[in-house]
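Engineer: Just dropping this structure here.
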Amino acid sequence: MKLLFKKLRDNATIPVRATEYSVGYDLCSAASSSIIIPSGEIRMIPIGIAAAPERTDVSLLVFPRSGLASKYGITLANCVGVIDPDYRGEIIVPLINHGKEEFVVTTGMRIAQLVVMPVLSQEWIETDIIDNTERGSSGFGSSGII
């Protein structure tokens, strides 16, 4: 499958994998200057690119970078970003600072990762009957912690 990228800003970076077997492609800040994220605050970080997958049965998912999250408390405000295959606008990443210190995002900094995932289409059918299972409607914590 081909995934086309268009630079929307001069300083944009086309996503690449850090290693041969990396699943995610690094997304880099294309902000015109550094962006400060105070503790507890959210900032929208422009990536400066638009994407066009050649297939419509995929989604582009934006995930946090594990190093930023574990070392600095910097993660996505929406946990995982979902980019529909027909979206052609600029990719923008909402970062939140869960750390105690302000964090500075510099131009070109790798701030998130993009993963291509297949999407299964289904037919939705309303019904009055759903089969019973052993679990049934037991929800949160019903299987215990050990």
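We label chains A, B, ... in the order they appear in the structure tokens, count residues from 1 in each chain, and number ligands from 1 in the order shown.
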Could you pull the residues within 9 Å of stretch 62-74 of chain A, counting only C-alpha atoms, minus those fewer than 2 positions along the same chain, as a ChimeraX atom specification?
Structural biologist: /A:24,26-27,60,76,79-83,93,95-101,103,110-116
Engineer: Using only C-alpha atoms, determine which residues lie at most 8 Å from A:Asn11, disregarding the query and same-chain residues fewer than 4 positions distant; provide the list as a PyMOL selection string.
Structural biologist: chain A and resi 30+32+48+107-108
Engineer: How would the residues just picked look written out with C-alpha atoms as a compact mmCIF listing (two decimals), in the first residue's frame?
Structural biologist:
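Result file result-v4.txt:
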```txt
# COMPACT_ATOMS: atom_id res chain seq x y z
CA ALA A 30 6.49 21.90 12.08
CA SER A 32 7.31 28.09 13.17
CA GLY A 48 2.81 20.44 8.47
CA THR A 107 10.69 22.69 15.44
CA GLY A 108 11.64 19.29 14.01
```
Engineer: Please report the interatomic distance between atom CA of A:Ile37 and atom CA of A:Val104 in Å with one decimal.
Structural biologist: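 Distance between the two atoms: 6.2 Å.
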Engineer: Report the residues of chain A whose backbone DSSP state falls under strand (DSSP E), written as an mmCIF file with all heavy atoms, in the first residue's frame.
Structural biologist:
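Final file, states.cif:
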```
data_model
loop_
_atom_site.group_PDB
_atom_site.id
_atom_site.type_symbol
_atom_site.label_atom_id
_atom_site.label_comp_id
_atom_site.auth_asym_id
_atom_site.auth_seq_id
_atom_site.Cartn_x
_atom_site.Cartn_y
_atom_site.Cartn_z
ATOM 1 N N LEU A 3 1.251 5.329 0.803
ATOM 2 C CA LEU A 3 0.714 6.408 1.627
ATOM 3 C C LEU A 3 1.382 7.684 1.156
ATOM 4 O O LEU A 3 2.593 7.849 1.294
ATOM 5 C CB LEU A 3 1.005 6.142 3.109
ATOM 6 C CG LEU A 3 0.469 7.151 4.107
ATOM 7 C CD1 LEU A 3 -1.042 7.327 3.989
ATOM 8 C CD2 LEU A 3 0.812 6.709 5.529
ATOM 9 N N LEU A 4 0.596 8.557 0.555
ATOM 10 C CA LEU A 4 1.122 9.803 0.009
ATOM 11 C C LEU A 4 1.123 10.882 1.078
ATOM 12 O O LEU A 4 0.171 10.984 1.864
ATOM 13 C CB LEU A 4 0.276 10.262 -1.181
ATOM 14 C CG LEU A 4 0.099 9.252 -2.314
ATOM 15 C CD1 LEU A 4 -0.868 9.801 -3.352
ATOM 16 C CD2 LEU A 4 1.439 8.911 -2.933
ATOM 17 N N PHE A 5 2.185 11.686 1.102
ATOM 18 C CA PHE A 5 2.280 12.822 2.014
ATOM 19 C C PHE A 5 2.526 14.089 1.210
ATOM 20 O O PHE A 5 3.304 14.083 0.261
ATOM 21 C CB PHE A 5 3.434 12.640 3.015
ATOM 22 C CG PHE A 5 3.200 11.565 4.019
ATOM 23 C CD1 PHE A 5 3.820 10.340 3.895
ATOM 24 C CD2 PHE A 5 2.355 11.777 5.092
ATOM 25 C CE1 PHE A 5 3.605 9.339 4.820
ATOM 26 C CE2 PHE A 5 2.129 10.789 6.025
ATOM 27 C CZ PHE A 5 2.751 9.567 5.888
ATOM 28 N N LYS A 6 1.866 15.152 1.611
ATOM 29 C CA LYS A 6 2.072 16.462 0.991
ATOM 30 C C LYS A 6 2.545 17.419 2.074
ATOM 31 O O LYS A 6 1.901 17.547 3.119
ATOM 32 C CB LYS A 6 0.767 16.976 0.383
ATOM 33 C CG LYS A 6 0.896 18.355 -0.236
ATOM 34 C CD LYS A 6 -0.429 18.825 -0.793
ATOM 35 C CE LYS A 6 -0.301 20.228 -1.361
ATOM 36 N NZ LYS A 6 -1.593 20.707 -1.877
ATOM 37 N N LYS A 7 3.662 18.092 1.830
ATOM 38 C CA LYS A 7 4.143 19.103 2.773
ATOM 39 C C LYS A 7 3.282 20.356 2.641
ATOM 40 O O LYS A 7 3.100 20.873 1.552
ATOM 41 C CB LYS A 7 5.603 19.451 2.507
ATOM 42 C CG LYS A 7 6.581 18.400 2.962
ATOM 43 C CD LYS A 7 8.001 18.920 2.823
ATOM 44 C CE LYS A 7 9.001 17.917 3.341
ATOM 45 N NZ LYS A 7 10.371 18.445 3.303
ATOM 46 N N TYR A 25 5.677 5.558 12.461
ATOM 47 C CA TYR A 25 6.451 6.543 11.710
ATOM 48 C C TYR A 25 6.447 7.838 12.514
ATOM 49 O O TYR A 25 5.382 8.331 12.900
ATOM 50 C CB TYR A 25 5.818 6.776 10.338
ATOM 51 C CG TYR A 25 5.994 5.608 9.396
ATOM 52 C CD1 TYR A 25 5.279 4.422 9.569
ATOM 53 C CD2 TYR A 25 6.883 5.681 8.335
ATOM 54 C CE1 TYR A 25 5.450 3.351 8.709
ATOM 55 C CE2 TYR A 25 7.055 4.617 7.461
ATOM 56 C CZ TYR A 25 6.326 3.452 7.657
ATOM 57 O OH TYR A 25 6.503 2.386 6.804
ATOM 58 N N ASP A 26 7.625 8.373 12.784
ATOM 59 C CA ASP A 26 7.731 9.554 13.648
ATOM 60 C C ASP A 26 7.114 10.792 13.012
ATOM 61 O O ASP A 26 7.364 11.099 11.846
ATOM 62 C CB ASP A 26 9.197 9.836 13.980
ATOM 63 C CG ASP A 26 9.790 8.796 14.910
ATOM 64 O OD1 ASP A 26 9.033 8.223 15.722
ATOM 65 O OD2 ASP A 26 11.004 8.557 14.838
ATOM 66 N N LEU A 27 6.304 11.490 13.813
ATOM 67 C CA LEU A 27 5.725 12.771 13.419
ATOM 68 C C LEU A 27 6.515 13.870 14.111
ATOM 69 O O LEU A 27 6.731 13.814 15.324
ATOM 70 C CB LEU A 27 4.253 12.847 13.821
ATOM 71 C CG LEU A 27 3.317 11.856 13.121
ATOM 72 C CD1 LEU A 27 1.905 11.984 13.672
ATOM 73 C CD2 LEU A 27 3.334 12.070 11.617
ATOM 74 N N CYS A 28 6.932 14.869 13.343
ATOM 75 C CA CYS A 28 7.773 15.950 13.865
ATOM 76 C C CYS A 28 7.026 17.265 13.862
ATOM 77 O O CYS A 28 6.227 17.555 12.962
ATOM 78 C CB CYS A 28 9.030 16.090 13.006
ATOM 79 S SG CYS A 28 10.049 14.603 12.967
ATOM 80 N N ILE A 35 7.253 25.793 21.056
ATOM 81 C CA ILE A 35 5.969 25.868 21.759
ATOM 82 C C ILE A 35 6.185 25.368 23.178
ATOM 83 O O ILE A 35 6.651 24.248 23.382
ATOM 84 C CB ILE A 35 4.890 25.025 21.054
ATOM 85 C CG1 ILE A 35 4.628 25.577 19.642
ATOM 86 C CG2 ILE A 35 3.604 24.987 21.882
ATOM 87 C CD1 ILE A 35 3.673 24.742 18.824
ATOM 88 N N ILE A 36 5.852 26.205 24.158
ATOM 89 C CA ILE A 36 5.968 25.825 25.565
ATOM 90 C C ILE A 36 4.647 25.212 26.012
ATOM 91 O O ILE A 36 3.581 25.789 25.789
ATOM 92 C CB ILE A 36 6.313 27.045 26.438
ATOM 93 C CG1 ILE A 36 7.684 27.603 26.030
ATOM 94 C CG2 ILE A 36 6.288 26.687 27.916
ATOM 95 C CD1 ILE A 36 8.030 28.928 26.686
ATOM 96 N N ILE A 37 4.746 24.040 26.655
ATOM 97 C CA ILE A 37 3.566 23.395 27.229
ATOM 98 C C ILE A 37 3.732 23.409 28.745
ATOM 99 O O ILE A 37 4.486 22.605 29.304
ATOM 100 C CB ILE A 37 3.386 21.947 26.736
ATOM 101 C CG1 ILE A 37 3.468 21.863 25.208
ATOM 102 C CG2 ILE A 37 2.054 21.388 27.237
ATOM 103 C CD1 ILE A 37 3.428 20.444 24.671
ATOM 104 N N ILE A 42 -2.544 21.889 27.535
ATOM 105 C CA ILE A 42 -2.588 21.249 26.227
ATOM 106 C C ILE A 42 -2.173 22.271 25.179
ATOM 107 O O ILE A 42 -2.580 23.433 25.244
ATOM 108 C CB ILE A 42 -4.011 20.749 25.898
ATOM 109 C CG1 ILE A 42 -4.474 19.694 26.915
ATOM 110 C CG2 ILE A 42 -4.093 20.204 24.465
ATOM 111 C CD1 ILE A 42 -5.944 19.343 26.796
ATOM 112 N N ARG A 43 -1.391 21.833 24.197
ATOM 113 C CA ARG A 43 -1.035 22.681 23.066
ATOM 114 C C ARG A 43 -1.190 21.857 21.783
ATOM 115 O O ARG A 43 -0.855 20.678 21.737
ATOM 116 C CB ARG A 43 0.405 23.196 23.155
ATOM 117 C CG ARG A 43 0.665 24.126 24.316
ATOM 118 C CD ARG A 43 -0.074 25.459 24.148
ATOM 119 N NE ARG A 43 0.210 26.384 25.231
ATOM 120 C CZ ARG A 43 -0.494 26.495 26.361
ATOM 121 N NH1 ARG A 43 -1.531 25.703 26.564
ATOM 122 N NH2 ARG A 43 -0.166 27.378 27.275
ATOM 123 N N MET A 44 -1.697 22.526 20.757
ATOM 124 C CA MET A 44 -1.866 21.901 19.448
ATOM 125 C C MET A 44 -0.574 22.088 18.664
ATOM 126 O O MET A 44 -0.127 23.213 18.455
ATOM 127 C CB MET A 44 -3.041 22.529 18.701
ATOM 128 C CG MET A 44 -4.345 22.470 19.477
ATOM 129 S SD MET A 44 -4.892 20.793 19.819
ATOM 130 C CE MET A 44 -5.692 20.405 18.289
ATOM 131 N N ILE A 45 0.030 20.983 18.241
ATOM 132 C CA ILE A 45 1.309 21.018 17.555
ATOM 133 C C ILE A 45 1.100 20.681 16.073
ATOM 134 O O ILE A 45 0.689 19.566 15.736
ATOM 135 C CB ILE A 45 2.310 20.013 18.172
ATOM 136 C CG1 ILE A 45 2.360 20.138 19.708
ATOM 137 C CG2 ILE A 45 3.675 20.174 17.531
ATOM 138 C CD1 ILE A 45 2.814 21.473 20.232
ATOM 139 N N PRO A 46 1.381 21.632 15.187
ATOM 140 C CA PRO A 46 1.217 21.357 13.752
ATOM 141 C C PRO A 46 2.333 20.453 13.245
ATOM 142 O O PRO A 46 3.490 20.610 13.616
ATOM 143 C CB PRO A 46 1.307 22.752 13.121
ATOM 144 C CG PRO A 46 2.145 23.543 14.075
ATOM 145 C CD PRO A 46 1.841 23.000 15.448
ATOM 146 N N ILE A 49 1.954 18.425 7.445
ATOM 147 C CA ILE A 49 1.741 17.510 6.324
ATOM 148 C C ILE A 49 0.276 17.094 6.258
ATOM 149 O O ILE A 49 -0.436 17.115 7.258
ATOM 150 C CB ILE A 49 2.621 16.242 6.407
ATOM 151 C CG1 ILE A 49 2.319 15.466 7.694
ATOM 152 C CG2 ILE A 49 4.092 16.575 6.285
ATOM 153 C CD1 ILE A 49 2.975 14.103 7.785
ATOM 154 N N ALA A 50 -0.138 16.697 5.073
ATOM 155 C CA ALA A 50 -1.421 16.032 4.855
ATOM 156 C C ALA A 50 -1.093 14.647 4.307
ATOM 157 O O ALA A 50 -0.057 14.458 3.665
ATOM 158 C CB ALA A 50 -2.277 16.811 3.862
ATOM 159 N N ALA A 51 -1.966 13.681 4.581
ATOM 160 C CA ALA A 51 -1.719 12.306 4.158
ATOM 161 C C ALA A 51 -2.880 11.791 3.325
ATOM 162 O O ALA A 51 -4.033 12.186 3.536
ATOM 163 C CB ALA A 51 -1.515 11.406 5.372
ATOM 164 N N ALA A 52 -2.559 10.895 2.391
ATOM 165 C CA ALA A 52 -3.579 10.286 1.545
ATOM 166 C C ALA A 52 -3.239 8.812 1.326
ATOM 167 O O ALA A 52 -2.420 8.491 0.466
ATOM 168 C CB ALA A 52 -3.670 11.014 0.209
ATOM 169 N N PRO A 53 -3.858 7.923 2.110
ATOM 170 C CA PRO A 53 -3.636 6.500 1.849
ATOM 171 C C PRO A 53 -4.334 6.107 0.549
ATOM 172 O O PRO A 53 -5.388 6.648 0.220
ATOM 173 C CB PRO A 53 -4.266 5.798 3.055
ATOM 174 C CG PRO A 53 -5.218 6.783 3.628
ATOM 175 C CD PRO A 53 -4.733 8.147 3.253
ATOM 176 N N VAL A 58 -8.298 1.621 5.637
ATOM 177 C CA VAL A 58 -7.279 1.819 6.661
ATOM 178 C C VAL A 58 -7.569 3.108 7.414
ATOM 179 O O VAL A 58 -8.276 3.986 6.935
ATOM 180 C CB VAL A 58 -5.847 1.892 6.065
ATOM 181 C CG1 VAL A 58 -5.485 0.604 5.368
ATOM 182 C CG2 VAL A 58 -5.695 3.084 5.150
ATOM 183 N N SER A 59 -7.006 3.177 8.598
ATOM 184 C CA SER A 59 -7.045 4.400 9.394
ATOM 185 C C SER A 59 -5.607 4.726 9.772
ATOM 186 O O SER A 59 -4.784 3.830 9.959
ATOM 187 C CB SER A 59 -7.875 4.178 10.662
ATOM 188 O OG SER A 59 -7.792 5.304 11.504
ATOM 189 N N LEU A 60 -5.308 5.998 9.869
ATOM 190 C CA LEU A 60 -4.008 6.422 10.365
ATOM 191 C C LEU A 60 -4.205 6.773 11.829
ATOM 192 O O LEU A 60 -5.030 7.622 12.168
ATOM 193 C CB LEU A 60 -3.501 7.636 9.580
ATOM 194 C CG LEU A 60 -3.467 7.472 8.059
ATOM 195 C CD1 LEU A 60 -2.968 8.752 7.412
ATOM 196 C CD2 LEU A 60 -2.622 6.290 7.660
ATOM 197 N N LEU A 61 -3.476 6.100 12.699
ATOM 198 C CA LEU A 61 -3.613 6.315 14.135
ATOM 199 C C LEU A 61 -2.371 7.023 14.655
ATOM 200 O O LEU A 61 -1.248 6.648 14.323
ATOM 201 C CB LEU A 61 -3.818 4.991 14.865
ATOM 202 C CG LEU A 61 -5.042 4.180 14.439
ATOM 203 C CD1 LEU A 61 -5.127 2.889 15.237
ATOM 204 C CD2 LEU A 61 -6.316 4.983 14.598
ATOM 205 N N VAL A 62 -2.595 8.035 15.480
ATOM 206 C CA VAL A 62 -1.497 8.792 16.082
ATOM 207 C C VAL A 62 -1.374 8.367 17.534
ATOM 208 O O VAL A 62 -2.341 8.444 18.297
ATOM 209 C CB VAL A 62 -1.752 10.311 15.983
ATOM 210 C CG1 VAL A 62 -0.601 11.083 16.615
ATOM 211 C CG2 VAL A 62 -1.954 10.727 14.527
ATOM 212 N N PHE A 63 -0.182 7.905 17.901
ATOM 213 C CA PHE A 63 0.103 7.444 19.257
ATOM 214 C C PHE A 63 1.188 8.317 19.886
ATOM 215 O O PHE A 63 2.007 8.902 19.178
ATOM 216 C CB PHE A 63 0.601 5.998 19.248
ATOM 217 C CG PHE A 63 -0.438 4.987 18.876
ATOM 218 C CD1 PHE A 63 -0.529 4.513 17.570
ATOM 219 C CD2 PHE A 63 -1.320 4.506 19.818
ATOM 220 C CE1 PHE A 63 -1.480 3.575 17.221
ATOM 221 C CE2 PHE A 63 -2.275 3.564 19.479
ATOM 222 C CZ PHE A 63 -2.359 3.090 18.175
ATOM 223 N N PRO A 64 1.245 8.348 21.227
ATOM 224 C CA PRO A 64 2.344 9.058 21.893
ATOM 225 C C PRO A 64 3.672 8.356 21.645
ATOM 226 O O PRO A 64 3.712 7.176 21.291
ATOM 227 C CB PRO A 64 1.986 8.983 23.384
ATOM 228 C CG PRO A 64 0.621 8.427 23.467
ATOM 229 C CD PRO A 64 0.319 7.746 22.180
ATOM 230 N N ILE A 74 4.704 13.784 28.697
ATOM 231 C CA ILE A 74 4.120 14.385 27.501
ATOM 232 C C ILE A 74 3.437 13.292 26.691
ATOM 233 O O ILE A 74 4.066 12.335 26.248
ATOM 234 C CB ILE A 74 5.200 15.076 26.633
ATOM 235 C CG1 ILE A 74 5.919 16.151 27.440
ATOM 236 C CG2 ILE A 74 4.596 15.640 25.353
ATOM 237 C CD1 ILE A 74 5.027 17.276 27.935
ATOM 238 N N THR A 75 2.135 13.442 26.495
ATOM 239 C CA THR A 75 1.365 12.434 25.772
ATOM 240 C C THR A 75 0.270 13.134 24.972
ATOM 241 O O THR A 75 0.176 14.365 24.972
ATOM 242 C CB THR A 75 0.802 11.381 26.746
ATOM 243 O OG1 THR A 75 0.245 10.296 26.006
ATOM 244 C CG2 THR A 75 -0.212 11.966 27.697
ATOM 245 N N LEU A 76 -0.564 12.366 24.306
ATOM 246 C CA LEU A 76 -1.643 12.946 23.519
ATOM 247 C C LEU A 76 -2.835 13.261 24.416
ATOM 248 O O LEU A 76 -3.230 12.441 25.239
ATOM 249 C CB LEU A 76 -2.078 11.986 22.413
ATOM 250 C CG LEU A 76 -1.276 12.033 21.121
ATOM 251 C CD1 LEU A 76 0.156 11.624 21.322
ATOM 252 C CD2 LEU A 76 -1.931 11.202 20.055
ATOM 253 N N GLY A 81 -5.052 9.479 18.367
ATOM 254 C CA GLY A 81 -5.702 10.261 17.321
ATOM 255 C C GLY A 81 -6.096 9.357 16.172
ATOM 256 O O GLY A 81 -5.335 8.487 15.766
ATOM 257 N N VAL A 82 -7.299 9.552 15.667
ATOM 258 C CA VAL A 82 -7.798 8.771 14.547
ATOM 259 C C VAL A 82 -7.918 9.683 13.332
ATOM 260 O O VAL A 82 -8.633 10.686 13.379
ATOM 261 C CB VAL A 82 -9.170 8.137 14.863
ATOM 262 C CG1 VAL A 82 -9.714 7.373 13.660
ATOM 263 C CG2 VAL A 82 -9.074 7.230 16.084
ATOM 264 N N ILE A 83 -7.217 9.326 12.263
ATOM 265 C CA ILE A 83 -7.284 10.093 11.024
ATOM 266 C C ILE A 83 -7.981 9.229 9.985
ATOM 267 O O ILE A 83 -7.483 8.163 9.605
ATOM 268 C CB ILE A 83 -5.873 10.493 10.534
ATOM 269 C CG1 ILE A 83 -5.156 11.310 11.620
ATOM 270 C CG2 ILE A 83 -5.968 11.266 9.225
ATOM 271 C CD1 ILE A 83 -3.696 11.593 11.315
ATOM 272 N N ILE A 92 -2.483 17.610 12.944
ATOM 273 C CA ILE A 92 -2.155 18.423 14.123
ATOM 274 C C ILE A 92 -2.280 17.523 15.341
ATOM 275 O O ILE A 92 -3.252 16.778 15.473
ATOM 276 C CB ILE A 92 -3.086 19.641 14.233
ATOM 277 C CG1 ILE A 92 -2.897 20.534 13.001
ATOM 278 C CG2 ILE A 92 -2.830 20.410 15.520
ATOM 279 C CD1 ILE A 92 -3.852 21.689 12.915
ATOM 280 N N VAL A 93 -1.305 17.581 16.221
ATOM 281 C CA VAL A 93 -1.257 16.687 17.374
ATOM 282 C C VAL A 93 -1.489 17.474 18.660
ATOM 283 O O VAL A 93 -0.724 18.389 18.973
ATOM 284 C CB VAL A 93 0.105 15.958 17.435
ATOM 285 C CG1 VAL A 93 0.205 15.099 18.682
ATOM 286 C CG2 VAL A 93 0.311 15.109 16.184
ATOM 287 N N PRO A 94 -2.538 17.127 19.438
ATOM 288 C CA PRO A 94 -2.774 17.789 20.721
ATOM 289 C C PRO A 94 -1.944 17.126 21.826
ATOM 290 O O PRO A 94 -2.219 16.000 22.219
ATOM 291 C CB PRO A 94 -4.281 17.588 20.957
ATOM 292 C CG PRO A 94 -4.580 16.285 20.262
ATOM 293 C CD PRO A 94 -3.627 16.198 19.099
ATOM 294 N N LEU A 95 -0.927 17.816 22.290
ATOM 295 C CA LEU A 95 -0.087 17.273 23.364
ATOM 296 C C LEU A 95 -0.517 17.848 24.699
ATOM 297 O O LEU A 95 -0.867 19.032 24.801
ATOM 298 C CB LEU A 95 1.388 17.616 23.129
ATOM 299 C CG LEU A 95 2.105 16.932 21.975
ATOM 300 C CD1 LEU A 95 3.583 17.331 21.957
ATOM 301 C CD2 LEU A 95 1.969 15.417 22.050
ATOM 302 N N ILE A 96 -0.472 17.013 25.736
ATOM 303 C CA ILE A 96 -0.755 17.457 27.100
ATOM 304 C C ILE A 96 0.459 17.143 27.957
ATOM 305 O O ILE A 96 1.121 16.119 27.771
ATOM 306 C CB ILE A 96 -2.029 16.791 27.681
ATOM 307 C CG1 ILE A 96 -2.372 17.382 29.045
ATOM 308 C CG2 ILE A 96 -1.907 15.273 27.724
ATOM 309 C CD1 ILE A 96 -3.755 17.018 29.558
ATOM 310 N N ASN A 97 0.738 18.041 28.885
ATOM 311 C CA ASN A 97 1.882 17.888 29.783
ATOM 312 C C ASN A 97 1.384 17.423 31.145
ATOM 313 O O ASN A 97 0.827 18.197 31.918
ATOM 314 C CB ASN A 97 2.624 19.224 29.913
ATOM 315 C CG ASN A 97 3.859 19.121 30.773
ATOM 316 O OD1 ASN A 97 4.126 18.107 31.393
ATOM 317 N ND2 ASN A 97 4.621 20.211 30.817
ATOM 318 N N PHE A 103 7.360 21.964 29.375
ATOM 319 C CA PHE A 103 8.079 21.225 28.337
ATOM 320 C C PHE A 103 8.104 22.076 27.080
ATOM 321 O O PHE A 103 7.101 22.705 26.724
ATOM 322 C CB PHE A 103 7.386 19.888 28.058
ATOM 323 C CG PHE A 103 8.130 19.006 27.111
ATOM 324 C CD1 PHE A 103 9.163 18.209 27.554
ATOM 325 C CD2 PHE A 103 7.802 18.982 25.759
ATOM 326 C CE1 PHE A 103 9.867 17.390 26.681
ATOM 327 C CE2 PHE A 103 8.496 18.169 24.881
ATOM 328 C CZ PHE A 103 9.526 17.368 25.343
ATOM 329 N N VAL A 104 9.239 22.093 26.404
ATOM 330 C CA VAL A 104 9.381 22.902 25.195
ATOM 331 C C VAL A 104 9.462 21.983 23.983
ATOM 332 O O VAL A 104 10.331 21.119 23.899
ATOM 333 C CB VAL A 104 10.636 23.802 25.262
ATOM 334 C CG1 VAL A 104 10.780 24.613 23.987
ATOM 335 C CG2 VAL A 104 10.579 24.709 26.488
ATOM 336 N N VAL A 105 8.534 22.192 23.048
ATOM 337 C CA VAL A 105 8.543 21.475 21.780
ATOM 338 C C VAL A 105 9.246 22.367 20.765
ATOM 339 O O VAL A 105 8.819 23.498 20.526
ATOM 340 C CB VAL A 105 7.113 21.157 21.297
ATOM 341 C CG1 VAL A 105 7.139 20.517 19.917
ATOM 342 C CG2 VAL A 105 6.396 20.261 22.294
ATOM 343 N N ARG A 110 10.613 15.122 17.261
ATOM 344 C CA ARG A 110 9.712 13.979 17.086
ATOM 345 C C ARG A 110 8.764 13.937 18.288
ATOM 346 O O ARG A 110 9.210 13.736 19.408
ATOM 347 C CB ARG A 110 10.509 12.692 16.957
ATOM 348 C CG ARG A 110 11.401 12.684 15.717
ATOM 349 C CD ARG A 110 12.236 11.435 15.595
ATOM 350 N NE ARG A 110 13.130 11.298 16.744
ATOM 351 C CZ ARG A 110 13.566 10.156 17.236
ATOM 352 N NH1 ARG A 110 13.198 9.006 16.704
ATOM 353 N NH2 ARG A 110 14.376 10.134 18.270
ATOM 354 N N ILE A 111 7.464 14.122 18.051
ATOM 355 C CA ILE A 111 6.527 14.278 19.166
ATOM 356 C C ILE A 111 5.458 13.198 19.245
ATOM 357 O O ILE A 111 4.775 13.080 20.259
ATOM 358 C CB ILE A 111 5.833 15.648 19.115
ATOM 359 C CG1 ILE A 111 5.077 15.822 17.801
ATOM 360 C CG2 ILE A 111 6.841 16.769 19.323
ATOM 361 C CD1 ILE A 111 3.938 16.783 17.897
ATOM 362 N N ALA A 112 5.273 12.430 18.187
ATOM 363 C CA ALA A 112 4.240 11.391 18.172
ATOM 364 C C ALA A 112 4.617 10.390 17.091
ATOM 365 O O ALA A 112 5.623 10.560 16.394
ATOM 366 C CB ALA A 112 2.869 12.002 17.893
ATOM 367 N N GLN A 113 3.806 9.341 16.969
ATOM 368 C CA GLN A 113 4.067 8.367 15.914
ATOM 369 C C GLN A 113 2.775 7.982 15.209
ATOM 370 O O GLN A 113 1.711 7.928 15.818
ATOM 371 C CB GLN A 113 4.798 7.144 16.454
ATOM 372 C CG GLN A 113 4.156 6.474 17.631
ATOM 373 C CD GLN A 113 5.025 5.373 18.196
ATOM 374 O OE1 GLN A 113 5.708 4.671 17.460
ATOM 375 N NE2 GLN A 113 4.987 5.188 19.502
ATOM 376 N N LEU A 114 2.901 7.736 13.926
ATOM 377 C CA LEU A 114 1.772 7.416 13.061
ATOM 378 C C LEU A 114 1.821 5.936 12.702
ATOM 379 O O LEU A 114 2.861 5.430 12.269
ATOM 380 C CB LEU A 114 1.858 8.264 11.787
ATOM 381 C CG LEU A 114 0.715 8.177 10.804
ATOM 382 C CD1 LEU A 114 -0.514 8.874 11.369
ATOM 383 C CD2 LEU A 114 1.122 8.823 9.487
ATOM 384 N N VAL A 115 0.693 5.246 12.898
ATOM 385 C CA VAL A 115 0.597 3.822 12.593
ATOM 386 C C VAL A 115 -0.593 3.616 11.655
ATOM 387 O O VAL A 115 -1.674 4.151 11.896
ATOM 388 C CB VAL A 115 0.402 2.978 13.875
ATOM 389 C CG1 VAL A 115 0.210 1.508 13.549
ATOM 390 C CG2 VAL A 115 1.579 3.169 14.829
ATOM 391 N N VAL A 116 -0.389 2.850 10.596
ATOM 392 C CA VAL A 116 -1.460 2.523 9.659
ATOM 393 C C VAL A 116 -2.124 1.238 10.132
ATOM 394 O O VAL A 116 -1.444 0.239 10.381
ATOM 395 C CB VAL A 116 -0.910 2.351 8.229
ATOM 396 C CG1 VAL A 116 -2.041 2.012 7.261
ATOM 397 C CG2 VAL A 116 -0.171 3.607 7.782
ATOM 398 N N MET A 117 -3.449 1.280 10.281
ATOM 399 C CA MET A 117 -4.188 0.109 10.763
ATOM 400 C C MET A 117 -5.335 -0.214 9.823
ATOM 401 O O MET A 117 -6.037 0.692 9.376
ATOM 402 C CB MET A 117 -4.776 0.390 12.154
ATOM 403 C CG MET A 117 -3.749 0.632 13.235
ATOM 404 S SD MET A 117 -2.914 -0.853 13.759
ATOM 405 C CE MET A 117 -4.199 -1.654 14.657
ATOM 406 N N PRO A 118 -5.559 -1.510 9.550
ATOM 407 C CA PRO A 118 -6.712 -1.885 8.725
ATOM 408 C C PRO A 118 -8.007 -1.652 9.504
ATOM 409 O O PRO A 118 -8.033 -1.719 10.736
ATOM 410 C CB PRO A 118 -6.494 -3.374 8.453
ATOM 411 C CG PRO A 118 -5.580 -3.837 9.529
ATOM 412 C CD PRO A 118 -4.762 -2.658 9.956
#
```
Engineer: Tell me, which residues of chain A carry DSSP helix (DSSP H, G or I), written as a list of chain:residue names?
Structural biologist: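 Selecting the helix (DSSP H, G or I) positions of chain A gives A:Ser66, A:Gly67, A:Leu68, A:Ala69, A:Ser70, A:Lys71, A:Tyr72.
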Engineer: Atom CA of A:Ile130 and atom CA of A:Asp57, how far apart in Å?
Structural biologist: 27.5 Å
Engineer: Report, in Å to a single decimal, how far apart atom CA of A:Pro85 and atom CA of A:Thr56 are.
Structural biologist: 5.5 Å
